[in-house]
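All remarks here apply to the structure that follows.
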2 protein chains.
Amino acid sequence: MNHRFVIRQLGLLMIVLSLSILAVAAWSAVEYLLLGDASEAVSMQALLLTVATGLVVALICWFSSRQADDFLGRREALLLVALSWLGGAALSAMPFWLWAVLENFYHPGADGDDPHPFLLFVNCYFEAMSGLTTTGASVLSDIEAMPKGLLLWRAMTQWLGGLGIVVLFVAVLPTLGVGGKKLFQVEAPGPTSQGVRPRIRETARVLWMIYVGLTAAQIIALKLCGMNWFDSVCHTLATLATGGFSTRNTSVGAYDSLSIEVVLIVFMVLAGANFGVYYQLIQRRFRSVWGDPELRLYLGVLLVGSVIVSVSLIEHPMVGMTGEARESSVSESVRHGVFQVVSLQTTTGFCSADFENWKFTAKAVLVAIMFIGASAGSTGGGIKVIRCLITAKVMLAEVERVFRPNVVRKIKVGKMTVDPELRQGTLVYVLGIFSLFLIGSVLLMLLEPAGNITFGTAATACVATLNNIGPGLELVGATQNYGWLSPASKVVLSVLMALGRLEVYAIFVLFVPRFWHGE
Amino acid sequence: MNHRFVIRQLGLLMIVLSLSILAVAAWSAVEYLLLGDASEAVSMQALLLTVATGLVVALICWFSSRQADDFLGRREALLLVALSWLGGAALSAMPFWLWAVLENFYHPGADGDDPHPFLLFVNCYFEAMSGLTTTGASVLSDIEAMPKGLLLWRAMTQWLGGLGIVVLFVAVLPTLGVGGKKLFQVEAPGPTSQGVRPRIRETARVLWMIYVGLTAAQIIALKLCGMNWFDSVCHTLATLATGGFSTRNTSVGAYDSLSIEVVLIVFMVLAGANFGVYYQLIQRRFRSVWGDPELRLYLGVLLVGSVIVSVSLIEHPMVGMTGEARESSVSESVRHGVFQVVSLQTTTGFCSADFENWKFTAKAVLVAIMFIGASAGSTGGGIKVIRCLITAKVMLAEVERVFRPNVVRKIKVGKMTVDPELRQGTLVYVLGIFSLFLIGSVLLMLLEPAGNITFGTAATACVATLNNIGPGLELVGATQNYGWLSPASKVVLSVLMALGRLEVYAIFVLFVPRFWHGE
């Protein structure tokens with residue numbers, strides 16, 4: 001294992017994160033110095049202190065790995081990805097924590113009996129991991145009380161996590177060289193045969209440009225719908241990453257604007273599709289896009305889910321995000337039905353209405369699509385549409401094998417034949433997700449004091465973190481947050497978020513003794 | 001498809017069932033005519049009427065299939081097994097239904113506002129399917145009010161279902177000939193490489209003898225512990241089939257006898273082991289038994305489960321089957337902890353205490369072992385220990401493949417190498433069970449009137465029927481029954497029982513159009 005090279009790359013990551021934080025600090029400084037928003041002073045200090053810390057850590061990494069060979073094997077790539085997320089979350093959590101500590105220093109006792117959640121580092125780590133993994137689960141109950149600098153950083157963690165900090169590495173920094181392709185496999189794995197060309201660095205650069213282009217387009221679109229610039233930027237960063245952090249306590253419900261919701265729906269759907277599709281569109285390979293089986297199924301599931309949920313909501317009393325009763329009409333049913341299905345299947349997690357009181361049918365569909373998730377090669381999470389497709393085909397083939405054991409049929413997805421290795425890998429992945437979901441739910445039940453949690457809460461908290469969605473049901477529902485959970489539970493959920501974002505293996509191998517031994 | 005031969009074999013099944021019912025009617029007649037138990041009169045009539053019906057159906061089957069070829073292909077075997085259970089349950093349900101109808105005819109209005117559940121045929125079908133599949137879920141709230149004839153028939157359905165009516169076919173009836181081995185594969189499938197010899201008819205006869213021998217031994221053991229003959233017989237039939245029907249409203253808790261519970265524990269463990277083990281013991285292949293990985297893991301899981309549950313019960317208030325508070329001591333914790341773990345993992349479903357109020361830890365273990373289930377080649381249900389073992393090994397191997405893609409390791413269970421086909425088949429089976437569990441739970445929630453059922457109830461009802469256990473949690477818990485569910489839900493659960501007992505495929509293929517077409 002070439003530890004030194006991994007450490008050097010981590011140093012680079014720290015620099016990239018520090019520079020991102022510096023950009024956020026600049027916005028904070030503008031708000032404070034030019035616009036005279038005094039509440040930004042502390043957030044600016046916290047951000048700048050973090051930048052300093054990050055640069056010091058980067059320097060240490062750099063000096064301790066001067067003689068590193070430029071060799072990135074498979075195991076090194078896995079370790080680098082895992083440490084990028086685990087370590088990146090630690091640095092990303094620092095602005096939150098420093099802000100709370102400084103606030104407490106300047107204004108001791110201002111919070112009264114209810115200390116700010118960010119005074120506990122585990123809460124900050126949970127929030128940062130939730131951001132980087134594009135989950136969107138929050139420990140905050142009063143988001144609007146936070147300074148803008150921190151809210152922007154919160155949204156920025158999602159955007160950075162979105163297409164993968166490491167893809168940024170591959171696209172921008174040339175040092176990785178040979179390891180690039182291996183990294184990309186870990187970063188955006190899954191059965192993505194199409195659209196991703198062997199010349200990985202070039203591809204990554206194009207994907208990154210698409211990401212930036214979509215970001216610019218959405219910021220303008222939201223601004224045109226009446227959002228202010230700050231909210232437009234933050235919601236855009238959270239949308240394209242399928243993250244779901246909002247700047248408002250009642251999420252998207254706060255705007256109560258159909259046009260904003262339509263813009264969000266469009267960009268959530270775009271963010272949940274395989275980015276290789278846009279690459280193909282740029283190359284004018286329209287026929288290939290049209291025939292893409294994952295894209296078709298992804299849109300199909302969104303459509304069917306939306307229809308079922310919308311129909312189930314007709315005549316059902318509709319409740320807004322602040323608990324207010326809303327008019328219940330067919331158009332309202334369709335509006336919130338479609339929005340919530342798109343938000344949860346793309347694993348974004350914005351909320352336009354409180355779905356806690358919806359019918360069982362609607363909630364069952366929502367939980368089911370949470371597991372299905374977005375497309376492979378998108379910024380979204382979940383099992384991924386194409387894995388569900390392969391699993392379904394393998395299961396049906398197995399049924400036929402029982403009564404016609406001698407008939408061998410190829411299993412195809414589009415033009416790609418699913419070889420036995422991929423079949424087994426997919427089945428194991430799906431079983432692994434269910435196992436982690438069950439293990440997580442049981443752990444939460446055991447870690448929380450008796451009577452503090454329901455099984456429905458524990459289970460949906462795990463669904464919502466493992467699949468990188470955000471809101472679950474019951475005590476972690478649309479209008480709730482994760483702040484009340486015990487620190488131990490938050491650690492479990494943070495691990496689930498990282499497992500889900502890195503598609504299990506990159507984190508899981510760290511616990512396998514054989515991973516650390518051998519050549 | 002050779003329909004005629006299938007129909008002829010179904011006719012034979014009807015004859016075997018009718019003769020079994022005749023034997024039960026004889027007991028009923030002895031109770032009525034010799035011992036003067038007047039309440040047996042109606043049950044005797046119901047049983048005899050069923051015998052007549054069964055024989056008429058058998059005659060029709062026989063005459064409509066006179067020119068059948070003696071050919072049993074794989075598809076015919078699957079169809080025969082599916083129809084044996086679906087049709088067998090219909091005939092087995094008749095005594096219950098006829099008894100209720102006759103009682104209602106002789107004593108109209110005796111039940112007042114609360115008509116007997118058996119007046120509805122779907123309830124009788126549920127009870128019969130629960131018996132034949134060795135599940136043990138009941139629609140009855142007052143079991144002790146039933147006549148002995150019906151209670152004996154109820155237990156007998158389990159015993160017949162236990163080793164498989166069809167194995168009885170293979171062992172006793174020579175007509176099947178060439179098809180025998182195929183049938184046995186469907187009947188007791190799973191990865192049973194050991195113990196079952198190619199000379200299937202001979203093996204089936206030996207297994208049957210073992211079954212009968214164990215039955216005799218347990219009846220005597222229970223009698224020695226103070227049970228009366230009738231209860232001994234009924235509980236023995238229900239134990240060796242890992243069925244779990246009791247003759248008492250409060251199941252095994254009614255006796256409150258440590259010695260009876262110990263006898264039941266021993267025979268439940270025996271019934272949940274691969275019967276091939278006993279075959280090997282008879283052949284004095286002790287080393288082979290000692291090295292059997294499934295046997296070791298089966299006993300290991302029982303042991304670990306018992307320890308966890310027992311420890312979690314220490315200092316926990318213990319509640320008996322009638323809701324009475326019981327002394328809470330270490331010995332009581334161990335006694336009920338071990339009994340319940342053995343009862344639920346072997347998928348028997350007897351209850352010695354009300355585990356509804358146990359800690360979450362205990363209930364989580366109980367639900368987990370319900371899924372794991374007994375050994376392949378036993379009378380028990382569940383996923384089966386060996387499938388769990390293979391799945392775990394495949395999943396671990398897959399993790400290593402991520403960081404060492406070129407290292408190919410054989411996956412072995414004992415001396416058997418798990419080939420890729422078996423791996424895929426096992427993974428699909430486990431995923432299939434989870435899928436059916438989820439689909440069933442959602443269906444139940446949709447079929448029951450709103451507010452009538454909790455998700456915990458729906459989910460554990462599906463766990464308990466799909467894995468052929470009997471009691472679940474909450475509204476279908478240890479002291480509850482399934483009578484209150486809607487008829488539609490009972491149909492769903494009956495299908496789940498059949499799916500679980502026949503290891504999914506035999507029932508599932510009936511819905512596959514391709515199964516019915518072609519050569």
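By convention here, the chains of the structure tokens are called A, B, ... in the order presented, each chain's residues are numbered starting at 1, and ligands are numbered starting at 1 in the order presented.
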Select from chain A every residue with an atom at most 9 Å from any atom of chain B, then for each give the shortest pair of atoms and their distance in Å to one decimal, using only C-alpha atoms, rows by chain and rising number, as a tab-separated table.
residue	atom	partner	partner_atom	distance
A:Arg74	CA	B:Phe403	CA	5.9
A:Arg75	CA	B:Phe403	CA	5.5
A:Leu78	CA	B:Phe403	CA	7.6
A:Phe360	CA	B:Met445	CA	7.5
A:Thr361	CA	B:Leu446	CA	7.2
A:Ala364	CA	B:Val442	CA	7.3
A:Thr391	CA	B:Val428	CA	8.4
A:Val394	CA	B:Val428	CA	7.7
A:Met395	CA	B:Val428	CA	5.9
A:Glu398	CA	B:Gly425	CA	6.8
A:Val399	CA	B:Tyr505	CA	6.6
A:Glu400	CA	B:Phe515	CA	7.6
A:Val402	CA	B:Tyr505	CA	7.2
A:Phe403	CA	B:Arg75	CA	5.5
A:Arg404	CA	B:Arg74	CA	7.8
A:Pro420	CA	B:Pro420	CA	7.9
A:Arg423	CA	B:Gln424	CA	7.9
A:Gln424	CA	B:Gln424	CA	6.3
A:Gly425	CA	B:Glu398	CA	6.8
A:Leu427	CA	B:Leu427	CA	6.5
A:Val428	CA	B:Met395	CA	5.9
A:Tyr429	CA	B:Met395	CA	8.4
A:Val430	CA	B:Leu431	CA	8.3
A:Leu431	CA	B:Leu431	CA	6.7
A:Gly432	CA	B:Met395	CA	7.7
A:Phe434	CA	B:Phe434	CA	9.0
A:Val442	CA	B:Ala364	CA	7.3
A:Met445	CA	B:Phe360	CA	7.5
A:Leu446	CA	B:Thr361	CA	7.2
A:Ala450	CA	B:Phe360	CA	8.8
A:Phe455	CA	B:Gly456	CA	8.8
A:Gly456	CA	B:Phe455	CA	8.8
A:Tyr505	CA	B:Val399	CA	6.6
A:Ala506	CA	B:Val402	CA	8.7
A:Phe508	CA	B:Val399	CA	7.8
A:Val509	CA	B:Val399	CA	6.7
A:Val512	CA	B:Glu400	CA	8.2
A:Arg514	CA	B:Glu400	CA	7.9
A:Phe515	CA	B:Phe403	CA	7.1
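Note that the spacing between atom CA of Thr417 of chain A and atom CA of Phe286 of chain A amounts to 21.6 Å.
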Quick one: pick out all alpha helix (DSSP H) residues within segment 240-449 of chain B from a backbone DSSP run and write them as a ChimeraX atom specification. /B:240,258-271,275-282,286-290,293-313,330-345,360-372,385-403,420-447
Computed gap from atom CA of Met370 of chain B to atom CA of Pro293 of chain B is 19.8 Å
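When only C-alpha atoms are used to measure the gap to Asn468 of chain A, the shortest distance among A:Met129, A:Met497, A:Met94, A:Val304 belongs to A:Met497.
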Pairwise distance, atom CA of Leu270 of chain A with atom CA of Leu240 of chain A, equals 7.9 Å
- Task: For Leu48 of chain A, work out the shell of residues within 10 Å, counting only C-alpha atoms and skipping chain neighbours fewer than 5 positions away, then give it as a PyMOL selection string.
- Result: chain A and resi 18+21-26+42-43+53-54+95
- request: List the neighbours of segment 205-222 of chain B out to 10 Å using only C-alpha atoms; skip same-chain residues closer than 6 positions along the sequence, and give me the result as a ChimeraX atom specification.
  value: /B:159,162-164,167-172,196,228-241,259-264,266-267,270-271,275-276,278-279,282,379
field: Spatial neighbours of Leu83 of chain B, max dist 10 Å, only C-alpha atoms, sep filter under 5 positions, as a list in words
entry: Val6, Ile7, Leu10, Ala77, Leu78, Gly88, Ala89, Ala506, Ile507 and Leu510 of chain B
Let's have the selection written as a tab-separated table (two decimals), in the first residue's frame, with all heavy atoms.
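Wrote it out as part-v2.tsv, contents follow:
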chain	number	residue	atom	x	y	z
B	6	VAL	N	-50.84	-35.23	-14.21
B	6	VAL	CA	-50.92	-34.39	-13.01
B	6	VAL	C	-52.26	-34.60	-12.32
B	6	VAL	O	-52.34	-34.75	-11.10
B	6	VAL	CB	-50.72	-32.90	-13.39
B	6	VAL	CG1	-50.98	-32.01	-12.20
B	6	VAL	CG2	-49.31	-32.68	-13.93
B	7	ILE	N	-53.32	-34.64	-13.14
B	7	ILE	CA	-54.66	-34.82	-12.57
B	7	ILE	C	-54.76	-36.18	-11.87
B	7	ILE	O	-55.32	-36.29	-10.77
B	7	ILE	CB	-55.73	-34.69	-13.67
B	7	ILE	CG1	-55.79	-33.23	-14.13
B	7	ILE	CG2	-57.08	-35.15	-13.17
B	7	ILE	CD1	-56.66	-33.01	-15.34
B	10	LEU	N	-53.10	-36.01	-8.60
B	10	LEU	CA	-53.91	-35.25	-7.65
B	10	LEU	C	-55.02	-36.13	-7.08
B	10	LEU	O	-55.37	-36.03	-5.91
B	10	LEU	CB	-54.52	-34.02	-8.33
B	10	LEU	CG	-53.59	-32.82	-8.45
B	10	LEU	CD1	-54.30	-31.70	-9.20
B	10	LEU	CD2	-53.17	-32.36	-7.08
B	77	ALA	N	-43.98	-31.71	-12.61
B	77	ALA	CA	-43.68	-31.87	-11.19
B	77	ALA	C	-44.00	-30.59	-10.42
B	77	ALA	O	-44.60	-30.62	-9.34
B	77	ALA	CB	-42.21	-32.25	-11.00
B	78	LEU	N	-43.58	-29.44	-10.99
B	78	LEU	CA	-43.86	-28.17	-10.33
B	78	LEU	C	-45.35	-27.94	-10.19
B	78	LEU	O	-45.85	-27.53	-9.13
B	78	LEU	CB	-43.24	-27.02	-11.14
B	78	LEU	CG	-41.73	-26.85	-11.00
B	78	LEU	CD1	-41.18	-26.02	-12.14
B	78	LEU	CD2	-41.41	-26.18	-9.67
B	88	GLY	N	-54.99	-29.48	-1.89
B	88	GLY	CA	-54.99	-30.20	-0.62
B	88	GLY	C	-55.56	-29.34	0.49
B	88	GLY	O	-56.32	-29.83	1.35
B	89	ALA	N	-55.22	-28.05	0.47
B	89	ALA	CA	-55.74	-27.16	1.50
B	89	ALA	C	-57.25	-27.02	1.39
B	89	ALA	O	-57.96	-26.91	2.40
B	89	ALA	CB	-55.07	-25.79	1.40
B	506	ALA	N	-42.39	-23.02	-7.00
B	506	ALA	CA	-43.47	-23.89	-7.43
B	506	ALA	C	-44.78	-23.13	-7.58
B	506	ALA	O	-45.58	-23.42	-8.46
B	506	ALA	CB	-43.65	-25.05	-6.46
B	507	ILE	N	-45.02	-22.14	-6.71
B	507	ILE	CA	-46.23	-21.33	-6.84
B	507	ILE	C	-46.02	-20.24	-7.87
B	507	ILE	O	-46.89	-19.95	-8.70
B	507	ILE	CB	-46.59	-20.69	-5.48
B	507	ILE	CG1	-46.86	-21.76	-4.42
B	507	ILE	CG2	-47.79	-19.77	-5.62
B	507	ILE	CD1	-48.10	-22.58	-4.66
B	510	LEU	N	-46.55	-20.57	-11.73
B	510	LEU	CA	-47.92	-20.63	-12.24
B	510	LEU	C	-48.33	-19.31	-12.88
B	510	LEU	O	-49.22	-19.26	-13.72
B	510	LEU	CB	-48.91	-20.99	-11.12
B	510	LEU	CG	-48.63	-22.27	-10.35
B	510	LEU	CD1	-49.76	-22.53	-9.37
B	510	LEU	CD2	-48.49	-23.45	-11.29
Ala478 of chain A proximity check over A:Ala353, A:Ile390, A:Met268, A:Val341, using only C-alpha atoms: winner is A:Ala353
Where does DSSP see strand (DSSP E) in segment 109-354 of chain B, if you list the residues as a VMD selection string? chain B and resid 318 to 319 325 to 326
Restricting the output to C-alpha atoms, write the selected residues as an mmCIF file, in the first residue's frame.
data_model
loop_
_atom_site.group_PDB
_atom_site.id
_atom_site.type_symbol
_atom_site.label_atom_id
_atom_site.label_comp_id
_atom_site.auth_asym_id
_atom_site.auth_seq_id
_atom_site.Cartn_x
_atom_site.Cartn_y
_atom_site.Cartn_z
ATOM 1 C CA MET B 318 -42.046 -11.390 32.499
ATOM 2 C CA VAL B 319 -45.634 -11.720 31.314
ATOM 3 C CA ALA B 325 -47.227 -11.131 35.739
ATOM 4 C CA ARG B 326 -44.703 -13.871 36.377
#
